[in-house]
$ cat my_file17.pdb   # PDB, C-alpha atoms
MODEL        1
ATOM      1  CA  MET T   1     -28.894  82.796-120.465
ATOM      2  CA  GLY T   2     -32.655  83.299-120.373
ATOM      3  CA  HIS T   3     -34.073  84.539-117.084
ATOM      4  CA  ASP T   4     -30.782  83.740-115.390
ATOM      5  CA  HIS T   5     -29.350  86.685-117.299
ATOM      6  CA  GLU T   6     -31.523  89.004-115.229
ATOM      7  CA  GLY T   7     -29.694  87.746-112.156
ATOM      8  CA  GLN T   8     -26.415  88.633-113.842
ATOM      9  CA  ARG T   9     -27.630  92.184-114.183
ATOM     10  CA  VAL T  10     -26.868  92.833-110.514
ATOM     11  CA  SER T  11     -23.387  91.338-110.670
ATOM     12  CA  ARG T  12     -22.621  93.318-113.815
ATOM     13  CA  ARG T  13     -23.541  96.511-112.070
ATOM     14  CA  ARG T  14     -21.281  95.522-109.205
ATOM     15  CA  LEU T  15     -18.519  94.877-111.718
ATOM     16  CA  PHE T  16     -19.158  98.369-112.993
ATOM     17  CA  ALA T  17     -18.199  99.517-109.467
ATOM     18  CA  GLY T  18     -20.817 102.181-109.043
ATOM     19  CA  ILE T  19     -20.539 103.785-112.479
ATOM     20  CA  SER T  20     -24.345 103.573-112.852
ATOM     21  CA  SER T  21     -24.623 106.484-110.425
ATOM     22  CA  LEU T  22     -22.567 108.708-112.724
ATOM     23  CA  GLY T  23     -24.110 111.080-115.207
ATOM     24  CA  LEU T  24     -22.975 110.844-118.816
ATOM     25  CA  GLY T  25     -21.091 114.136-118.499
ATOM     26  CA  SER T  26     -18.883 112.816-115.683
ATOM     27  CA  LEU T  27     -18.300 109.595-117.591
ATOM     28  CA  LEU T  28     -17.255 111.450-120.741
ATOM     29  CA  ALA T  29     -14.913 113.677-118.758
ATOM     30  CA  ALA T  30     -13.272 110.656-117.143
ATOM     31  CA  CYS T  31     -12.868 108.791-120.425
ATOM     32  CA  SER T  32     -11.378 111.830-122.174
ATOM     33  CA  SER T  33      -8.525 112.160-119.668
ATOM     34  CA  ALA T  34      -5.002 111.784-120.956
ATOM     35  CA  GLU T  35      -4.632 108.265-119.595
ATOM     36  CA  GLY T  36      -8.258 107.286-120.217
ATOM     37  CA  THR T  37      -8.442 105.780-116.738
ATOM     38  CA  ALA T  38      -9.301 108.744-114.539
ATOM     39  CA  THR T  39     -10.884 108.063-111.158
ATOM     40  CA  VAL T  40     -14.137 109.931-110.630
ATOM     41  CA  THR T  41     -16.481 110.371-107.703
ATOM     42  CA  THR T  42     -20.062 109.148-108.038
ATOM     43  CA  SER T  43     -23.149 110.739-106.548
ATOM     44  CA  THR T  44     -22.852 108.277-103.655
ATOM     45  CA  GLY T  45     -19.312 109.440-102.844
ATOM     46  CA  ALA T  46     -17.581 106.331-104.158
ATOM     47  CA  SER T  47     -14.346 106.643-106.141
ATOM     48  CA  VAL T  48     -14.470 104.521-109.288
ATOM     49  CA  THR T  49     -12.685 104.084-112.593
ATOM     50  CA  PRO T  50     -14.820 103.696-115.748
ATOM     51  CA  THR T  51     -14.366 100.245-117.246
ATOM     52  CA  ALA T  52     -16.266  98.115-119.731
ATOM     53  CA  THR T  53     -18.684  95.474-118.454
ATOM     54  CA  THR T  54     -18.601  92.822-121.161
ATOM     55  CA  ALA T  55     -19.536  89.476-119.618
ATOM     56  CA  GLU T  56     -17.048  87.409-121.618
ATOM     57  CA  ASP T  57     -14.408  87.583-124.308
ATOM     58  CA  LEU T  58     -16.302  88.718-127.402
ATOM     59  CA  THR T  59     -13.308  89.392-129.652
ATOM     60  CA  SER T  60     -13.935  86.231-131.721
ATOM     61  CA  LEU T  61     -17.236  87.709-132.901
ATOM     62  CA  PHE T  62     -15.297  90.274-134.885
ATOM     63  CA  ASP T  63     -12.739  87.993-136.519
ATOM     64  CA  GLY T  64     -12.379  88.909-140.167
ATOM     65  CA  ALA T  65     -13.871  92.370-139.712
ATOM     66  CA  GLY T  66     -10.764  94.065-141.044
ATOM     67  CA  THR T  67     -12.411  96.933-142.847
ATOM     68  CA  CYS T  68     -11.556 100.476-141.828
ATOM     69  CA  LYS T  69     -14.176 102.068-144.037
ATOM     70  CA  LEU T  70     -15.741 104.965-142.165
ATOM     71  CA  THR T  71     -19.126 103.934-140.774
ATOM     72  CA  SER T  72     -22.053 105.725-142.396
ATOM     73  CA  THR T  73     -23.325 108.661-140.370
ATOM     74  CA  THR T  74     -27.019 109.423-139.932
ATOM     75  CA  THR T  75     -28.960 112.090-138.117
ATOM     76  CA  GLN T  76     -29.632 111.276-134.472
ATOM     77  CA  GLY T  77     -33.374 111.660-135.041
ATOM     78  CA  PRO T  78     -35.845 113.492-132.805
ATOM     79  CA  TYR T  79     -35.694 111.120-129.802
ATOM     80  CA  TYR T  80     -32.110 111.386-128.562
ATOM     81  CA  PHE T  81     -31.272 112.804-125.151
ATOM     82  CA  ASP T  82     -28.787 112.065-122.384
ATOM     83  CA  ALA T  83     -30.791 109.466-120.480
ATOM     84  CA  ASP T  84     -28.217 109.394-117.648
ATOM     85  CA  LYS T  85     -28.325 105.608-117.733
ATOM     86  CA  ILE T  86     -24.883 103.995-117.586
ATOM     87  CA  ARG T  87     -25.705 100.295-117.685
ATOM     88  CA  SER T  88     -25.493  97.225-119.918
ATOM     89  CA  ASP T  89     -29.030  95.828-119.411
ATOM     90  CA  ILE T  90     -31.409  98.456-120.787
ATOM     91  CA  ARG T  91     -34.650  96.467-120.881
ATOM     92  CA  GLU T  92     -36.373  97.805-117.763
ATOM     93  CA  ASP T  93     -39.931  96.390-117.958
ATOM     94  CA  ARG T  94     -40.117  96.150-121.763
ATOM     95  CA  GLN T  95     -41.250  92.778-123.086
ATOM     96  CA  GLY T  96     -39.849  91.260-126.253
ATOM     97  CA  VAL T  97     -37.330  88.870-127.781
ATOM     98  CA  ARG T  98     -34.032  89.156-125.941
ATOM     99  CA  LEU T  99     -31.219  90.678-127.999
ATOM    100  CA  ARG T 100     -27.607  90.882-126.881
ATOM    101  CA  VAL T 101     -25.753  93.605-128.791
ATOM    102  CA  ALA T 102     -21.956  93.554-129.112
ATOM    103  CA  ILE T 103     -20.321  96.586-130.705
ATOM    104  CA  LYS T 104     -16.637  96.959-131.551
ATOM    105  CA  VAL T 105     -15.432 100.524-132.057
ATOM    106  CA  GLN T 106     -12.248 101.089-134.021
ATOM    107  CA  ASP T 107     -10.438 104.099-135.424
ATOM    108  CA  SER T 108     -11.279 104.594-139.093
ATOM    109  CA  GLU T 109      -7.701 105.572-140.016
ATOM    110  CA  THR T 110      -5.616 103.099-138.023
ATOM    111  CA  CYS T 111      -8.079 100.188-137.681
ATOM    112  CA  LYS T 112      -6.991  99.950-134.035
ATOM    113  CA  PRO T 113      -9.608  99.331-131.323
ATOM    114  CA  LEU T 114     -10.864 102.496-129.668
ATOM    115  CA  GLY T 115     -10.765 101.905-125.932
ATOM    116  CA  ASN T 116     -12.396 104.214-123.396
ATOM    117  CA  ALA T 117     -14.979 105.419-125.881
ATOM    118  CA  VAL T 118     -18.547 105.855-124.639
ATOM    119  CA  VAL T 119     -21.224 104.138-126.730
ATOM    120  CA  GLU T 120     -24.904 104.989-126.323
ATOM    121  CA  ILE T 121     -27.777 103.092-127.893
ATOM    122  CA  TRP T 122     -31.521 103.798-127.908
ATOM    123  CA  HIS T 123     -34.530 102.369-129.732
ATOM    124  CA  CYS T 124     -38.293 101.911-129.592
ATOM    125  CA  ASP T 125     -40.150  99.094-127.827
ATOM    126  CA  ALA T 126     -42.322  96.367-129.375
ATOM    127  CA  ALA T 127     -45.177  98.846-129.845
ATOM    128  CA  GLY T 128     -43.001 101.503-131.492
ATOM    129  CA  LEU T 129     -42.686 103.772-128.434
ATOM    130  CA  TYR T 130     -39.584 105.658-127.300
ATOM    131  CA  SER T 131     -39.041 106.288-123.614
ATOM    132  CA  GLY T 132     -38.964 109.957-122.718
ATOM    133  CA  ALA T 133     -41.095 110.637-125.794
ATOM    134  CA  GLU T 134     -44.027 108.265-125.590
ATOM    135  CA  ALA T 135     -46.624 110.861-126.627
ATOM    136  CA  ALA T 136     -44.572 112.083-129.591
ATOM    137  CA  SER T 137     -43.755 108.582-130.787
ATOM    138  CA  THR T 138     -47.424 107.662-131.017
ATOM    139  CA  GLY T 139     -47.821 110.273-133.744
ATOM    140  CA  GLY T 140     -48.040 113.435-131.654
ATOM    141  CA  GLY T 141     -50.091 114.167-128.559
ATOM    142  CA  GLY T 142     -50.898 110.514-127.979
ATOM    143  CA  GLY T 143     -53.952 110.692-130.229
ATOM    144  CA  ASN T 144     -52.839 108.067-132.730
ATOM    145  CA  PRO T 145     -51.754 104.493-132.018
ATOM    146  CA  PRO T 146     -48.090 103.588-132.573
ATOM    147  CA  GLY T 147     -47.392 103.175-136.250
ATOM    148  CA  GLY T 148     -50.765 104.661-137.176
ATOM    149  CA  GLY T 149     -51.608 108.145-138.336
ATOM    150  CA  ASN T 150     -48.977 110.832-138.731
ATOM    151  CA  PRO T 151     -45.224 110.486-138.180
ATOM    152  CA  PRO T 152     -43.929 111.589-134.799
ATOM    153  CA  SER T 153     -43.986 115.323-134.228
ATOM    154  CA  GLY T 154     -40.739 117.048-135.110
ATOM    155  CA  ALA T 155     -39.837 114.407-137.673
ATOM    156  CA  PRO T 156     -38.035 115.605-140.791
ATOM    157  CA  ASN T 157     -39.130 114.591-144.266
ATOM    158  CA  GLY T 158     -38.059 111.104-145.238
ATOM    159  CA  GLY T 159     -38.899 109.286-142.009
ATOM    160  CA  PRO T 160     -39.315 109.913-138.297
ATOM    161  CA  ASN T 161     -35.713 109.202-137.384
ATOM    162  CA  GLY T 162     -34.069 109.754-140.696
ATOM    163  CA  GLY T 163     -32.925 112.791-142.549
ATOM    164  CA  PRO T 164     -34.035 113.990-145.960
ATOM    165  CA  SER T 165     -34.049 111.321-148.647
ATOM    166  CA  GLY T 166     -30.659 110.552-150.111
ATOM    167  CA  GLY T 167     -29.211 107.574-148.277
ATOM    168  CA  PRO T 168     -27.169 106.975-145.178
ATOM    169  CA  GLY T 169     -24.169 109.069-146.068
ATOM    170  CA  ASN T 170     -25.806 112.476-146.168
ATOM    171  CA  GLY T 171     -26.636 112.575-142.477
ATOM    172  CA  GLY T 172     -29.491 115.011-142.976
ATOM    173  CA  GLY T 173     -27.969 117.493-140.534
ATOM    174  CA  ASP T 174     -27.874 117.386-136.773
ATOM    175  CA  MET T 175     -31.087 117.660-134.786
ATOM    176  CA  ALA T 176     -31.396 119.238-131.389
ATOM    177  CA  ASP T 177     -31.391 116.909-128.395
ATOM    178  CA  LEU T 178     -34.862 116.072-127.138
ATOM    179  CA  THR T 179     -36.245 117.526-123.938
ATOM    180  CA  PRO T 180     -37.982 114.464-122.436
ATOM    181  CA  THR T 181     -41.740 114.723-121.996
ATOM    182  CA  ASP T 182     -42.109 111.761-119.633
ATOM    183  CA  ASP T 183     -39.966 110.108-116.962
ATOM    184  CA  LYS T 184     -39.604 106.700-118.651
ATOM    185  CA  ARG T 185     -36.042 105.593-119.460
ATOM    186  CA  TYR T 186     -36.341 102.115-120.990
ATOM    187  CA  LEU T 187     -34.264 100.902-123.946
ATOM    188  CA  ARG T 188     -31.623 103.598-123.482
ATOM    189  CA  GLY T 189     -28.138 103.229-122.060
ATOM    190  CA  ALA T 190     -24.405 103.861-122.357
ATOM    191  CA  GLN T 191     -21.270 101.770-121.859
ATOM    192  CA  VAL T 192     -17.484 102.266-122.008
ATOM    193  CA  THR T 193     -15.439 100.279-124.547
ATOM    194  CA  ASN T 194     -12.802  97.919-123.148
ATOM    195  CA  GLY T 195      -9.242  97.545-124.404
ATOM    196  CA  ASP T 196     -10.525  95.670-127.456
ATOM    197  CA  GLY T 197     -12.914  98.516-128.245
ATOM    198  CA  ILE T 198     -15.949  96.394-127.354
ATOM    199  CA  VAL T 199     -19.161  97.134-125.462
ATOM    200  CA  GLU T 200     -22.099  94.846-124.773
ATOM    201  CA  PHE T 201     -25.768  95.590-124.120
ATOM    202  CA  THR T 202     -28.752  93.394-123.297
ATOM    203  CA  THR T 203     -31.983  94.682-124.785
ATOM    204  CA  ILE T 204     -34.966  93.445-126.809
ATOM    205  CA  TRP T 205     -35.417  93.247-130.549
ATOM    206  CA  PRO T 206     -36.813  96.673-131.539
ATOM    207  CA  GLY T 207     -40.344  97.144-132.797
ATOM    208  CA  TRP T 208     -41.357  99.377-135.674
ATOM    209  CA  TYR T 209     -43.322 102.512-136.439
ATOM    210  CA  ARG T 210     -44.658 104.011-139.638
ATOM    211  CA  GLY T 211     -42.092 105.362-142.073
ATOM    212  CA  ARG T 212     -38.992 103.484-140.787
ATOM    213  CA  THR T 213     -37.546 100.020-140.965
ATOM    214  CA  ILE T 214     -36.590  98.266-137.713
ATOM    215  CA  HIS T 215     -33.447  99.846-136.275
ATOM    216  CA  ILE T 216     -31.335 100.758-133.248
ATOM    217  CA  HIS T 217     -29.673 104.156-132.875
ATOM    218  CA  ALA T 218     -26.065 104.435-131.707
ATOM    219  CA  MET T 219     -23.770 107.313-130.787
ATOM    220  CA  VAL T 220     -20.040 107.142-130.027
ATOM    221  CA  HIS T 221     -18.296 109.728-127.843
ATOM    222  CA  PHE T 222     -14.504 109.995-127.748
ATOM    223  CA  SER T 223     -12.315 112.650-126.127
ATOM    224  CA  ASN T 224     -15.538 114.325-125.006
ATOM    225  CA  GLN T 225     -16.796 114.706-128.585
ATOM    226  CA  ARG T 226     -19.571 113.008-130.530
ATOM    227  CA  VAL T 227     -17.538 111.233-133.201
ATOM    228  CA  LEU T 228     -20.197 108.956-134.718
ATOM    229  CA  THR T 229     -23.986 108.852-134.919
ATOM    230  CA  THR T 230     -25.357 105.894-136.830
ATOM    231  CA  GLN T 231     -27.940 103.097-136.843
ATOM    232  CA  MET T 232     -27.981  99.299-136.724
ATOM    233  CA  MET T 233     -30.429  97.155-138.703
ATOM    234  CA  PHE T 234     -31.482  93.549-139.202
ATOM    235  CA  ASP T 235     -32.035  90.986-141.942
ATOM    236  CA  GLU T 236     -35.697  91.068-142.985
ATOM    237  CA  LYS T 237     -36.157  87.300-142.621
ATOM    238  CA  LEU T 238     -35.280  87.653-138.953
ATOM    239  CA  ASN T 239     -37.432  90.757-138.607
ATOM    240  CA  SER T 240     -40.413  88.850-139.966
ATOM    241  CA  ALA T 241     -39.821  85.913-137.634
ATOM    242  CA  VAL T 242     -39.616  88.166-134.580
ATOM    243  CA  MET T 243     -42.582  90.352-135.578
ATOM    244  CA  ALA T 244     -44.747  87.223-135.756
ATOM    245  CA  LYS T 245     -44.204  86.618-132.027
ATOM    246  CA  SER T 246     -45.894  88.216-129.034
ATOM    247  CA  PRO T 247     -45.898  91.090-128.124
ATOM    248  CA  TYR T 248     -44.844  92.306-131.598
ATOM    249  CA  SER T 249     -47.715  90.519-133.346
ATOM    250  CA  ALA T 250     -50.226  92.840-131.674
ATOM    251  CA  HIS T 251     -48.789  95.748-133.670
ATOM    252  CA  THR T 252     -49.833  95.181-137.282
ATOM    253  CA  GLY T 253     -49.561  97.130-140.531
ATOM    254  CA  ARG T 254     -45.802  97.549-140.868
ATOM    255  CA  ASP T 255     -45.262  99.717-143.934
ATOM    256  CA  THR T 256     -41.487 100.217-144.241
ATOM    257  CA  PHE T 257     -38.822  97.572-144.763
ATOM    258  CA  ASN T 258     -35.110  97.634-145.472
ATOM    259  CA  ASP T 259     -35.624  97.950-149.213
ATOM    260  CA  ASN T 260     -37.764 101.101-148.979
ATOM    261  CA  ASP T 261     -36.223 102.782-145.950
ATOM    262  CA  THR T 262     -34.512 106.130-146.592
ATOM    263  CA  ILE T 263     -31.656 105.427-144.166
ATOM    264  CA  TYR T 264     -30.956 101.707-144.653
ATOM    265  CA  ASP T 265     -27.568 100.618-145.948
ATOM    266  CA  ASP T 266     -26.111  97.103-146.116
ATOM    267  CA  SER T 267     -23.213  98.233-143.944
ATOM    268  CA  MET T 268     -25.645  98.836-141.071
ATOM    269  CA  LEU T 269     -26.752  95.186-140.915
ATOM    270  CA  MET T 270     -25.771  93.422-137.715
ATOM    271  CA  LYS T 271     -24.280  89.926-137.804
ATOM    272  CA  ILE T 272     -26.981  87.920-135.997
ATOM    273  CA  THR T 273     -26.754  84.474-134.438
ATOM    274  CA  GLN T 274     -29.358  82.644-132.359
ATOM    275  CA  GLU T 275     -28.540  82.395-128.678
ATOM    276  CA  ASP T 276     -30.610  80.490-126.111
ATOM    277  CA  ASP T 277     -34.000  82.227-125.950
ATOM    278  CA  GLY T 278     -32.926  85.173-128.086
ATOM    279  CA  TYR T 279     -30.261  86.501-130.433
ATOM    280  CA  LEU T 280     -26.758  87.908-130.399
ATOM    281  CA  GLY T 281     -25.988  90.763-132.770
ATOM    282  CA  ALA T 282     -22.493  92.047-133.557
ATOM    283  CA  ILE T 283     -21.283  95.008-135.583
ATOM    284  CA  VAL T 284     -18.091  97.032-136.066
ATOM    285  CA  PHE T 285     -18.125 100.829-135.999
ATOM    286  CA  SER T 286     -15.221 102.641-137.649
ATOM    287  CA  ALA T 287     -15.257 106.096-136.088
ATOM    288  CA  ASP T 288     -13.391 109.237-137.088
ATOM    289  CA  SER T 289     -11.939 109.686-133.616
ATOM    290  CA  ASP T 290     -10.111 112.945-134.401
ATOM    291  CA  LYS T 291     -12.974 114.261-136.564
ATOM    292  CA  ASP T 292     -10.757 115.105-139.531
ATOM    293  CA  GLY T 293     -13.122 113.521-142.049
ATOM    294  CA  ALA T 294     -10.957 110.455-142.762
TER     295      ALA T 294
ENDMDL
END
$ encode --input "my_file17.pdb" --output "structure tokens"
Amino acid sequence: MGHDHEGQRVSRRRLFAGISSLGLGSLLAACSSAEGTATVTTSTGASVTPTATTAEDLTSLFDGAGTCKLTSTTTQGPYYFDADKIRSDIREDRQGVRLRVAIKVQDSETCKPLGNAVVEIWHCDAAGLYSGAEAASTGGGGGNPPGGGNPPSGAPNGGPNGGPSGGPGNGGGDMADLTPTDDKRYLRGAQVTNGDGIVEFTTIWPGWYRGRTIHIHAMVHFSNQRVLTTQMMFDEKLNSAVMAKSPYSAHTGRDTFNDNDTIYDDSMLMKITQEDDGYLGAIVFSADSDKDGA
């Protein structure tokens, strides 16, 4: 795909039929309708129906992923907010190794694909910065370089985006949504699952910051509820290979890896394959869609 993929970004947005002008609230309301195919009106006055924007049939990526084990839940961390960005390409101007992320959402009780669910992802850039919270993600007030000095302000014990020590299952309790402190919105976005429960994003391989291994945050909404908040992670051999490249190589001193991260769990590892000038990562989320704990 390479740079040609950037040209596809426009056509994908056209395929999305104007959904990018919707706020997340309108999208959630539409997807939680009885039929799951409600027509909504965008800010431009267009009438559209929320649909997934996967570029191709990705179902083969998830062959053999028959587990219905409930996906581990983690705290959302201090940097989540509704970025009002409904799009598949979330890179903006961020430089880094291209990463295509394919996520299949299924019901944890029935194992059936969960269509018309809204999936959000967000993560830091190659320098460890989060959009909407650049000052905080440098270590507070912008006085320390990314990954140097103190953890981001508002971080709980056990890591900037984690909960208290104890592993991925404890969740650490919900944190309040962030009030953005800048107008940047890179590396954040939401998509609607198709009939196979699949969404696709184009992003970059995340960077790192002190106290956490390399990760991507994800949140699943269904029937207008947050039914899953979790994280996605990467094999350390691949992390090392990517971190050795520019622009990641300019950010040195990484101190936390999968084996000493307070949130990491093997179940959060993405299945990664090399693809053209980047990588393709796939993972299955089993969500408790009715929130009954099963």
$ closest_residue --input "my_file17.pdb" --among "T:Asp177, T:Phe285, T:Phe257, T:Pro78" --to "Pro113 of chain T" --atoms "all atoms listed in the file"
T:Phe285
$ closest_residue --input "my_file17.pdb" --among "T:Met175, T:Met232, T:Ala102, T:Ala127" --to "Ala282 of chain T" --atoms "all atoms listed in the file"
T:Ala102
$ resolve_selection --input "my_file17.pdb" --expression "the PyMOL selection byres ((chain T and resi 200) around 10)" --output "PyMOL selection string"
chain T and resi 52-56+58+87-89+100-104+119+190-194+198-199+201-203+281-282
$ residues_around --input "my_file17.pdb" --residues "Met268 of chain T" --least-positions-apart "4" --cutoff "12 Å" --atoms "all atoms listed in the file" --output "MDAnalysis selection string"
chainID T and resid 70:74 103 167:169 213:218 229:235 258 263:264 281:286
$ write_last_selection --input "my_file17.pdb" --atoms "C-alpha atoms" --output "CSV table (one decimal), keeping the file's coordinate frame"
chain,number,residue,atom,x,y,z
T,70,LEU,CA,-15.7,105.0,-142.2
T,71,THR,CA,-19.1,103.9,-140.8
T,72,SER,CA,-22.1,105.7,-142.4
T,73,THR,CA,-23.3,108.7,-140.4
T,74,THR,CA,-27.0,109.4,-139.9
T,103,ILE,CA,-20.3,96.6,-130.7
T,167,GLY,CA,-29.2,107.6,-148.3
T,168,PRO,CA,-27.2,107.0,-145.2
T,169,GLY,CA,-24.2,109.1,-146.1
T,213,THR,CA,-37.5,100.0,-141.0
T,214,ILE,CA,-36.6,98.3,-137.7
T,215,HIS,CA,-33.4,99.8,-136.3
T,216,ILE,CA,-31.3,100.8,-133.2
T,217,HIS,CA,-29.7,104.2,-132.9
T,218,ALA,CA,-26.1,104.4,-131.7
T,229,THR,CA,-24.0,108.9,-134.9
T,230,THR,CA,-25.4,105.9,-136.8
T,231,GLN,CA,-27.9,103.1,-136.8
T,232,MET,CA,-28.0,99.3,-136.7
T,233,MET,CA,-30.4,97.2,-138.7
T,234,PHE,CA,-31.5,93.5,-139.2
T,235,ASP,CA,-32.0,91.0,-141.9
T,258,ASN,CA,-35.1,97.6,-145.5
T,263,ILE,CA,-31.7,105.4,-144.2
T,264,TYR,CA,-31.0,101.7,-144.7
T,281,GLY,CA,-26.0,90.8,-132.8
T,282,ALA,CA,-22.5,92.0,-133.6
T,283,ILE,CA,-21.3,95.0,-135.6
T,284,VAL,CA,-18.1,97.0,-136.1
T,285,PHE,CA,-18.1,100.8,-136.0
T,286,SER,CA,-15.2,102.6,-137.6
$ closest_residue --input "my_file17.pdb" --among "T:Lys237, T:Gly211, T:Glu275, T:Gln106" --to "Phe62 of chain T" --atoms "all atoms listed in the file"
T:Gln106
$ closest_residue --input "my_file17.pdb" --among "T:Ser137, T:Ser289, T:Ser131, T:Gln95" --to "His221 of chain T" --atoms "all atoms listed in the file"
T:Ser289
$ resolve_selection --input "my_file17.pdb" --expression "the PyMOL selection byres ((chain T and resi 252) around 12)" --output "ChimeraX atom specification"
/T:126-128,145-148,207-210,240,243-251,253-256
$ atom_distance --input "my_file17.pdb" --atom1 "atom CA of Gly132 of chain T" --atom2 "atom CA of Thr179 of chain T"
8.1 Å
$ closest_residue --input "my_file17.pdb" --among "T:Thr262, T:Thr138, T:Asn224, T:Thr181" --to "Thr75 of chain T" --atoms "all atoms listed in the file"
T:Thr262
$ resolve_selection --input "my_file17.pdb" --expression "the PyMOL selection byres ((chain T and resi 189) around 6)" --output "ChimeraX atom specification"
/T:85-87,90,120-121,188,190
$ closest_residue --input "my_file17.pdb" --among "T:Cys124, T:Ala83, T:Leu61, T:Leu114" --to "Arg212 of chain T" --atoms "all atoms listed in the file"
T:Cys124
$ residues_near_point --input "my_file17.pdb" --point "(-31.3, 82.1, -130.3)" --cutoff "12 Å" --atoms "all atoms listed in the file" --output "ChimeraX atom specification"
/T:1-2,97-100,205,238,241-242,272-281
$ atom_distance --input "my_file17.pdb" --atom1 "atom CA of Ala117 of chain T" --atom2 "atom CA of Phe222 of chain T"
5.0 Å
$ axis_aligned_box --input "my_file17.pdb" --around "segment 276-288 of chain T" --padding-each-side "3 Å" --output "JSON"
{"center_x": -23.7, "center_y": 94.9, "center_z": -131.8, "size_x": 26.6, "size_y": 34.7, "size_z": 17.7}
$ atom_distance --input "my_file17.pdb" --atom1 "atom CA of Gln76 of chain T" --atom2 "atom CA of Met219 of chain T"
8.0 Å
$ residues_around --input "my_file17.pdb" --residues "Asp292 of chain T" --least-positions-apart "6" --cutoff "12 Å" --atoms "only C-alpha atoms" --output "list in words"
Leu70, Asp107, Ser108, Glu109 and Val227 of chain T
